[in-house]
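Heads up, upload_12.cif below (mmCIF, C-alpha atoms and all ligand atoms):
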data_model
loop_
_atom_site.label_atom_id
_atom_site.label_comp_id
_atom_site.auth_asym_id
_atom_site.auth_seq_id
_atom_site.Cartn_x
_atom_site.Cartn_y
_atom_site.Cartn_z
CA MET A 1 1.22 -29.50 8.22
CA PRO A 2 0.19 -26.23 6.63
CA ALA A 3 -0.91 -27.93 3.42
CA LEU A 4 -3.63 -29.84 5.29
CA LEU A 5 -5.12 -26.91 7.13
CA ASP A 6 -8.66 -26.02 6.12
CA PRO A 7 -8.30 -23.34 3.45
CA SER A 8 -11.91 -22.27 3.93
CA ASP A 9 -11.07 -20.82 7.33
CA PRO A 10 -12.11 -17.20 6.73
CA ASP A 11 -8.83 -15.85 7.99
CA ARG A 12 -6.69 -18.44 6.27
CA SER A 13 -4.39 -17.00 3.65
CA VAL A 14 -1.40 -18.04 1.67
CA GLN A 15 1.15 -15.26 1.67
CA TRP A 16 4.36 -15.11 -0.27
CA PRO A 17 7.01 -14.21 0.58
CA LEU A 18 6.59 -15.01 4.25
CA PRO A 19 7.55 -12.36 6.78
CA PRO A 20 11.32 -12.47 7.17
CA ALA A 21 12.49 -14.72 10.00
CA ARG A 22 15.69 -12.74 10.32
CA PRO A 23 15.81 -9.63 12.48
CA LEU A 24 15.84 -6.29 10.76
CA PRO A 25 19.38 -5.05 10.06
CA THR A 26 20.77 -3.19 13.01
CA GLY A 27 22.09 0.27 12.37
CA GLN A 28 19.41 0.90 9.80
CA ARG A 29 17.95 4.36 10.07
CA ALA A 30 14.19 4.69 10.12
CA LEU A 31 12.73 5.11 6.66
CA ARG A 32 10.61 8.13 5.95
CA LEU A 33 7.30 7.19 4.35
CA ALA A 34 4.50 9.17 2.78
CA VAL A 35 1.07 7.67 2.16
CA MET A 36 -1.44 8.73 -0.48
CA ALA A 37 -5.07 7.77 0.17
CA SER A 38 -8.48 8.63 -1.25
CA GLY A 39 -10.95 6.91 1.03
CA ASN A 40 -11.34 5.02 4.26
CA GLY A 41 -7.64 4.78 5.03
CA SER A 42 -7.55 1.41 6.77
CA ASN A 43 -4.32 0.46 4.99
CA PHE A 44 -2.80 3.80 5.96
CA GLU A 45 -3.63 3.14 9.61
CA ALA A 46 -2.36 -0.45 9.46
CA LEU A 47 0.94 0.79 8.06
CA VAL A 48 1.28 3.47 10.73
CA ARG A 49 0.62 0.90 13.46
CA ALA A 50 3.12 -1.56 11.97
CA CYS A 51 5.78 1.16 11.83
CA ARG A 52 5.07 2.12 15.43
CA GLN A 53 5.63 -1.51 16.39
CA GLY A 54 9.00 -1.38 14.64
CA SER A 55 8.44 -3.46 11.52
CA PRO A 56 9.18 -1.94 9.12
CA LYS A 57 11.62 0.37 10.83
CA ALA A 58 9.96 3.42 9.40
CA GLU A 59 7.88 6.43 10.18
CA VAL A 60 4.90 7.69 8.22
CA VAL A 61 5.70 11.39 8.09
CA GLN A 62 2.93 12.56 5.78
CA LEU A 63 -0.50 11.65 4.45
CA LEU A 64 -1.74 13.13 1.20
CA VAL A 65 -5.43 12.86 0.33
CA ASN A 66 -7.39 14.01 -2.68
CA ASN A 67 -10.89 13.89 -1.19
CA PRO A 68 -11.96 16.40 1.47
CA GLY A 69 -13.53 14.65 4.44
CA CYS A 70 -12.31 11.18 3.54
CA GLY A 71 -11.89 8.64 6.32
CA ALA A 72 -8.11 8.70 6.04
CA ILE A 73 -8.09 12.30 7.34
CA ALA A 74 -9.89 11.33 10.54
CA ARG A 75 -7.42 8.49 11.04
CA ALA A 76 -4.48 10.87 10.50
CA GLU A 77 -5.90 13.25 13.10
CA ARG A 78 -6.30 10.42 15.58
CA LEU A 79 -2.81 9.08 14.85
CA ALA A 80 -1.24 12.56 14.87
CA ILE A 81 0.15 12.23 11.34
CA PRO A 82 0.43 15.48 9.35
CA TRP A 83 -1.92 15.42 6.39
CA GLN A 84 -2.53 17.58 3.38
CA LEU A 85 -5.33 17.81 0.85
CA VAL A 86 -4.29 17.86 -2.80
CA ASP A 87 -7.67 17.99 -4.51
CA HIS A 88 -7.64 16.66 -8.06
CA ARG A 89 -10.73 18.78 -8.80
CA GLN A 90 -8.54 21.86 -8.52
CA GLN A 91 -6.06 20.60 -11.12
CA PRO A 92 -6.38 20.87 -14.91
CA SER A 93 -4.80 17.48 -15.65
CA ARG A 94 -3.47 14.28 -14.12
CA GLU A 95 0.05 15.58 -14.71
CA ALA A 96 -0.72 18.80 -12.88
CA LEU A 97 -2.08 16.81 -9.93
CA ASP A 98 1.10 14.75 -9.86
CA GLN A 99 3.19 17.93 -9.92
CA GLN A 100 1.31 19.16 -6.88
CA LEU A 101 1.91 15.84 -5.14
CA ILE A 102 5.63 16.07 -5.91
CA ALA A 103 5.73 19.60 -4.58
CA SER A 104 4.23 18.33 -1.31
CA LEU A 105 6.37 15.21 -1.07
CA GLN A 106 9.83 16.45 -1.95
CA PRO A 107 10.34 18.78 1.04
CA GLN A 108 9.62 15.80 3.31
CA ALA A 109 12.58 13.86 1.88
CA VAL A 110 10.60 10.63 1.89
CA ASP A 111 12.23 7.33 0.98
CA LEU A 112 9.07 5.64 -0.27
CA VAL A 113 5.58 6.74 -1.21
CA VAL A 114 2.78 4.26 -0.50
CA MET A 115 -0.42 4.43 -2.52
CA ALA A 116 -2.92 2.96 -0.06
CA GLY A 117 -6.25 3.25 -1.80
CA TRP A 118 -5.18 6.16 -4.04
CA MET A 119 -7.98 6.23 -6.59
CA ARG A 120 -6.33 8.41 -9.20
CA ILE A 121 -4.27 7.11 -12.09
CA VAL A 122 -0.73 8.36 -11.66
CA THR A 123 1.30 9.59 -14.62
CA PRO A 124 4.95 9.20 -15.61
CA VAL A 125 5.50 12.58 -13.94
CA LEU A 126 5.06 11.08 -10.45
CA ILE A 127 6.72 7.78 -11.34
CA ALA A 128 9.83 9.58 -12.63
CA ALA A 129 10.07 11.62 -9.45
CA PHE A 130 10.06 8.45 -7.30
CA PRO A 131 11.53 5.68 -9.50
CA ASN A 132 11.00 2.26 -7.86
CA ARG A 133 9.87 4.12 -4.76
CA LEU A 134 6.11 4.06 -5.30
CA VAL A 135 4.31 1.12 -3.69
CA ASN A 136 0.66 0.27 -4.43
CA ILE A 137 -1.77 -2.14 -2.81
CA HIS A 138 -4.47 -3.74 -4.94
CA PRO A 139 -7.28 -6.12 -3.90
CA SER A 140 -6.61 -8.97 -6.33
CA LEU A 141 -3.92 -11.42 -7.24
CA LEU A 142 -2.39 -9.41 -10.06
CA PRO A 143 -2.27 -9.62 -12.99
CA SER A 144 -5.89 -10.76 -12.59
CA PHE A 145 -8.59 -8.15 -12.08
CA ARG A 146 -6.79 -4.88 -12.59
CA GLY A 147 -8.56 -1.58 -12.25
CA LEU A 148 -11.75 -0.65 -10.44
CA ASN A 149 -13.93 -3.06 -8.48
CA ALA A 150 -11.40 -5.88 -8.40
CA VAL A 151 -13.42 -7.68 -5.72
CA GLY A 152 -16.57 -7.53 -7.85
CA GLN A 153 -14.60 -8.69 -10.86
CA ALA A 154 -13.39 -11.72 -8.91
CA LEU A 155 -16.93 -12.58 -7.77
CA ALA A 156 -18.27 -12.20 -11.31
CA ALA A 157 -15.53 -14.45 -12.67
CA GLY A 158 -16.39 -17.14 -10.14
CA VAL A 159 -12.83 -17.66 -8.95
CA THR A 160 -12.46 -19.62 -5.72
CA LEU A 161 -9.22 -17.93 -4.74
CA THR A 162 -8.43 -14.27 -4.95
CA GLY A 163 -6.37 -12.00 -2.73
CA CYS A 164 -4.24 -8.92 -2.74
CA THR A 165 -0.97 -7.69 -4.19
CA ALA A 166 1.54 -5.09 -3.10
CA HIS A 167 3.69 -3.97 -6.00
CA LEU A 168 5.92 -1.24 -7.29
CA VAL A 169 4.08 1.19 -9.53
CA GLY A 170 4.66 1.06 -13.27
CA GLU A 171 3.09 3.13 -16.01
CA ALA A 172 0.29 0.65 -16.71
CA VAL A 173 -2.52 0.66 -14.13
CA ASP A 174 -2.10 -1.97 -11.40
CA ALA A 175 1.08 -3.30 -12.96
CA GLY A 176 4.70 -3.26 -11.97
CA PRO A 177 7.06 -5.58 -10.12
CA ILE A 178 5.24 -7.60 -7.47
CA LEU A 179 6.51 -7.36 -3.91
CA VAL A 180 4.10 -9.49 -1.84
CA GLN A 181 0.88 -11.36 -2.50
CA ALA A 182 -1.65 -13.07 -0.26
CA ALA A 183 -4.32 -15.46 -1.55
CA VAL A 184 -7.65 -15.75 0.25
CA PRO A 185 -10.57 -18.09 -0.42
CA VAL A 186 -13.87 -16.97 -1.91
CA LEU A 187 -16.53 -18.59 0.31
CA ALA A 188 -20.04 -19.67 -0.58
CA GLY A 189 -22.40 -16.76 -0.08
CA ASP A 190 -19.70 -14.13 -0.27
CA ASP A 191 -20.64 -10.70 -1.50
CA ALA A 192 -18.35 -7.78 -2.28
CA ILE A 193 -18.44 -6.65 1.34
CA SER A 194 -17.60 -9.96 3.00
CA LEU A 195 -14.94 -10.84 0.45
CA GLY A 196 -13.56 -7.31 0.47
CA GLN A 197 -13.20 -7.39 4.24
CA ARG A 198 -11.40 -10.75 4.11
CA ILE A 199 -9.01 -9.38 1.50
CA GLN A 200 -8.41 -6.20 3.46
CA ARG A 201 -7.32 -8.13 6.54
CA GLN A 202 -4.56 -9.57 4.39
CA GLU A 203 -3.74 -6.20 2.81
CA HIS A 204 -3.06 -4.86 6.26
CA ARG A 205 -0.56 -7.68 6.83
CA ILE A 206 1.30 -7.54 3.52
CA LEU A 207 1.64 -3.80 3.01
CA PRO A 208 4.17 -3.31 5.84
CA LEU A 209 6.16 -6.26 4.56
CA ALA A 210 6.08 -4.84 1.03
CA VAL A 211 7.50 -1.56 2.31
CA GLN A 212 10.30 -3.46 4.01
CA LEU A 213 11.07 -5.44 0.85
CA ALA A 214 11.02 -2.37 -1.39
CA ALA A 215 13.42 -0.63 0.96
CA GLU A 216 15.75 -3.62 1.07
CA ARG A 217 15.82 -3.85 -2.73
CA LEU A 218 16.86 -0.24 -2.99
CA GLY A 219 19.27 -0.38 -0.08
CA LEU A 220 17.30 2.37 1.62
CA GLY A 221 17.99 3.16 5.24
CA GLN A 222 21.33 1.42 5.33
CA ALA A 223 24.21 3.20 6.92
CA ALA A 224 26.43 5.00 4.42
CA ALA A 225 29.41 2.98 3.14
CA GLY A 226 32.18 2.96 5.71
CA ALA A 227 30.02 4.43 8.43
CA GLN A 228 29.95 1.15 10.33
CA GLY A 229 33.70 0.73 10.16
C1 LIG B 301 -7.87 -1.28 -0.69
O1 LIG B 301 -8.68 -2.41 -0.86
C2 LIG B 301 -6.81 -1.22 -1.74
O2 LIG B 301 -6.43 -2.46 -2.20
C3 LIG B 301 -7.47 -0.45 -2.86
O3 LIG B 301 -8.27 0.49 -2.20
C4 LIG B 301 -8.66 -0.01 -0.94
C5 LIG B 301 -8.35 1.03 0.09
O4 LIG B 301 -8.88 0.73 1.34
N1 LIG B 301 -6.48 0.10 -3.72
P1 LIG B 301 -8.53 1.62 2.58
O5 LIG B 301 -8.85 3.05 2.22
O6 LIG B 301 -7.07 1.44 2.88
O7 LIG B 301 -9.38 1.13 3.71
#
Would you encode the structure as structure tokens?
Amino acid sequence: MPALLDPSDPDRSVQWPLPPARPLPTGQRALRLAVMASGNGSNFEALVRACRQGSPKAEVVQLLVNNPGCGAIARAERLAIPWQLVDHRQQPSREALDQQLIASLQPQAVDLVVMAGWMRIVTPVLIAAFPNRLVNIHPSLLPSFRGLNAVGQALAAGVTLTGCTAHLVGEAVDAGPILVQAAVPVLAGDDAISLGQRIQRQEHRILPLAVQLAAERLGLGQAAAGAQG
């Protein structure tokens, strides 16, 4: 019985919703995804690999980064994903950065944009260009521990459960409709690295599912009305 399993197992998590038992709808076209990343890019790579295994039925067509030399770029090279640098240091304002992002994204005709470790606050400019189509991953059980250093915040608060959340992006930082969450235990002796790694293993699982759910909510990728007879 799942309820009696040892929750202190380091890789134990409680995820909701569970991955769908049903098969993906047939006839669905592959979604076109863009990813925005600032750092290591492990969530970006996990999403690419999930797409290449067919769930979600999607293709990551573009990576945007804001930091030259960040780890996500090396992953994109290895995975043969086109990437582009949009350096916030070259922009006079957050809005101007978002305009540059939009200019890069729109020609790609992406269905969803995934913020996978995007460490810039986005403005209503970007949100309005992709309404309900921006997905973010955050290393806490929102609404707890918004903002920077969520793992450190959880350790400082002494919580015994924390986790990660994939959600649609709203105007407030780390807020917006929740798509998927996974709870993980905080173990005795944890530091920000050990707990962060445990959380990230769950992020890599829930982000592909969140993309699938966001697409289903919007009816993205479904055949046009009447096309299936
Ligand atoms: C993740 O923990 C994510 O929740 C946060 O930034 C981190 C990015 O990690 N927003 P990575 O670059 O995907 O490895």
Rows by chain and residue number, chain A within 6 Å of ligand LIG 301 (chain B), shortest pair, all atoms listed in the file, as a tab-separated table:
residue	atom	partner	partner_atom	distance
A:Gly39	CA	B:LIG301	O5	4.6
A:Asn40	CA	B:LIG301	O5	3.8
A:Gly41	CA	B:LIG301	O5	3.5
A:Ser42	CA	B:LIG301	O7	3.6
A:Asn43	CA	B:LIG301	O6	3.6
A:Phe44	CA	B:LIG301	O6	5.8
A:Ala116	CA	B:LIG301	O6	5.3
A:Gly117	CA	B:LIG301	O3	3.4
A:Ile137	CA	B:LIG301	O2	4.7
A:His138	CA	B:LIG301	O2	3.6
A:Pro139	CA	B:LIG301	O2	4.1
A:Gln200	CA	B:LIG301	O1	5.8
Residues just named, written with C-alpha atoms as a tab-separated table (two decimals), keeping the file's coordinate frame:
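Output (again-v6.tsv):
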chain	number	residue	atom	x	y	z
A	39	GLY	CA	-10.95	6.91	1.03
A	40	ASN	CA	-11.34	5.02	4.26
A	41	GLY	CA	-7.64	4.78	5.03
A	42	SER	CA	-7.55	1.41	6.77
A	43	ASN	CA	-4.32	0.46	4.99
A	44	PHE	CA	-2.80	3.80	5.96
A	116	ALA	CA	-2.92	2.96	-0.06
A	117	GLY	CA	-6.25	3.25	-1.80
A	137	ILE	CA	-1.77	-2.14	-2.81
A	138	HIS	CA	-4.47	-3.74	-4.94
A	139	PRO	CA	-7.28	-6.12	-3.90
A	200	GLN	CA	-8.41	-6.20	3.46
Exercise. For Ala215 (chain A), which residue out of A:Gln15, A:Val110, A:Thr123, A:Gly69 is the nearest one, using all atoms listed in the file?
Worked result: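 Smallest separation from Ala215 (chain A) among the options: A:Val110.
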Problem set entry | Long-range neighbours of Ala182 (chain A) as a PyMOL selection string, 6 Å cut-off, all atoms listed in the file, 5 positions minimum in chain | chain A and resi 14-15+163-164
For this session: Starting from the point (6.6, 7.4, 13.0), work out which residues of protein, DNA or RNA have an atom no more than 9 Å away when counting only C-alpha atoms; state them as a list in words.
Result: Ala30, Arg32, Leu33, Val48, Arg49, Cys51, Arg52, Lys57, Ala58, Glu59, Val60, Val61 and Ile81 of chain A
Problem set entry | Which residue of A:Gln28, A:Gln90, A:Ile121, A:Leu155 approaches Pro185 (chain A) most closely, using only C-alpha atoms |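 When distances to Pro185 (chain A) are compared using only C-alpha atoms, the smallest one comes from A:Leu155.
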Problem set entry | Residue nearest Leu31 (chain A) - candidates A:Gly196, A:Pro82, A:Pro68, A:Gly54, atoms counted: all atoms listed in the file |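 Using all atoms listed in the file, the shortest distance to Leu31 (chain A) belongs to A:Gly54.
Atom pair CA of Val125 (chain A) / CA of Met36 (chain A) has a distance of 15.6 Å (rounded to one decimal).
Proximity to region 144-153 of chain A at 7 Å, evaluated using all atoms listed in the file and with sequence-adjacent residues fewer than 6 positions away removed, yields Val173, Asp174, Ala192 and Gly196 of chain A.
You can rank A:Leu134, A:Ala157, A:Leu207, A:Val86 by their closest distance to Gly170 (chain A) using only C-alpha atoms, and at the top of that list sits A:Leu134.
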For this session: Choose the residue, out of A:Ile127, A:Ala50, A:Leu142, A:Ala34, that has the smallest atom-to-atom separation from Pro107 (chain A); count only C-alpha atoms.
Result: A:Ala34
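If you measure from each of A:Gln84, A:Ser194, A:Gln202, A:Asn66 to Arg12 (chain A) using only C-alpha atoms, the closest one turns out to be A:Gln202.
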Exercise. Interatomic distance between CA of Asn67 (chain A) and CA of Leu101 (chain A)?
Worked result: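 So the two atoms, CA of Asn67 (chain A) and CA of Leu101 (chain A), lie 13.5 Å apart.
The interatomic distance for the pair CA of Ile193 (chain A) and CA of Ala156 (chain A) works out to 13.8 Å.
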Would you compute the box with edges along x, y and z of the file around region 150-154 of chain A, including every atom the file lists for it and 5 Å extra on each side, and give its centre and edge lengths in Å to one decimal, as AutoDock Vina command-line options?
--center_x -14.0 --center_y -8.8 --center_z -8.3 --size_x 15.2 --size_y 15.8 --size_z 15.1
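The protein and nucleic acid residues lying at most 9 Å from Ser55 (chain A) are A:Leu24, A:Ala50, A:Pro208, A:Leu209, A:Gln212, with all atoms listed in the file considered and sequence neighbours fewer than 5 positions away removed.
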Problem set entry | Distance query Gln100 (chain A) at most 10 Å, only C-alpha atoms, self and fewer than 6 positions along chain excluded, as a PyMOL selection string | chain A and resi 86-88+91+94+126
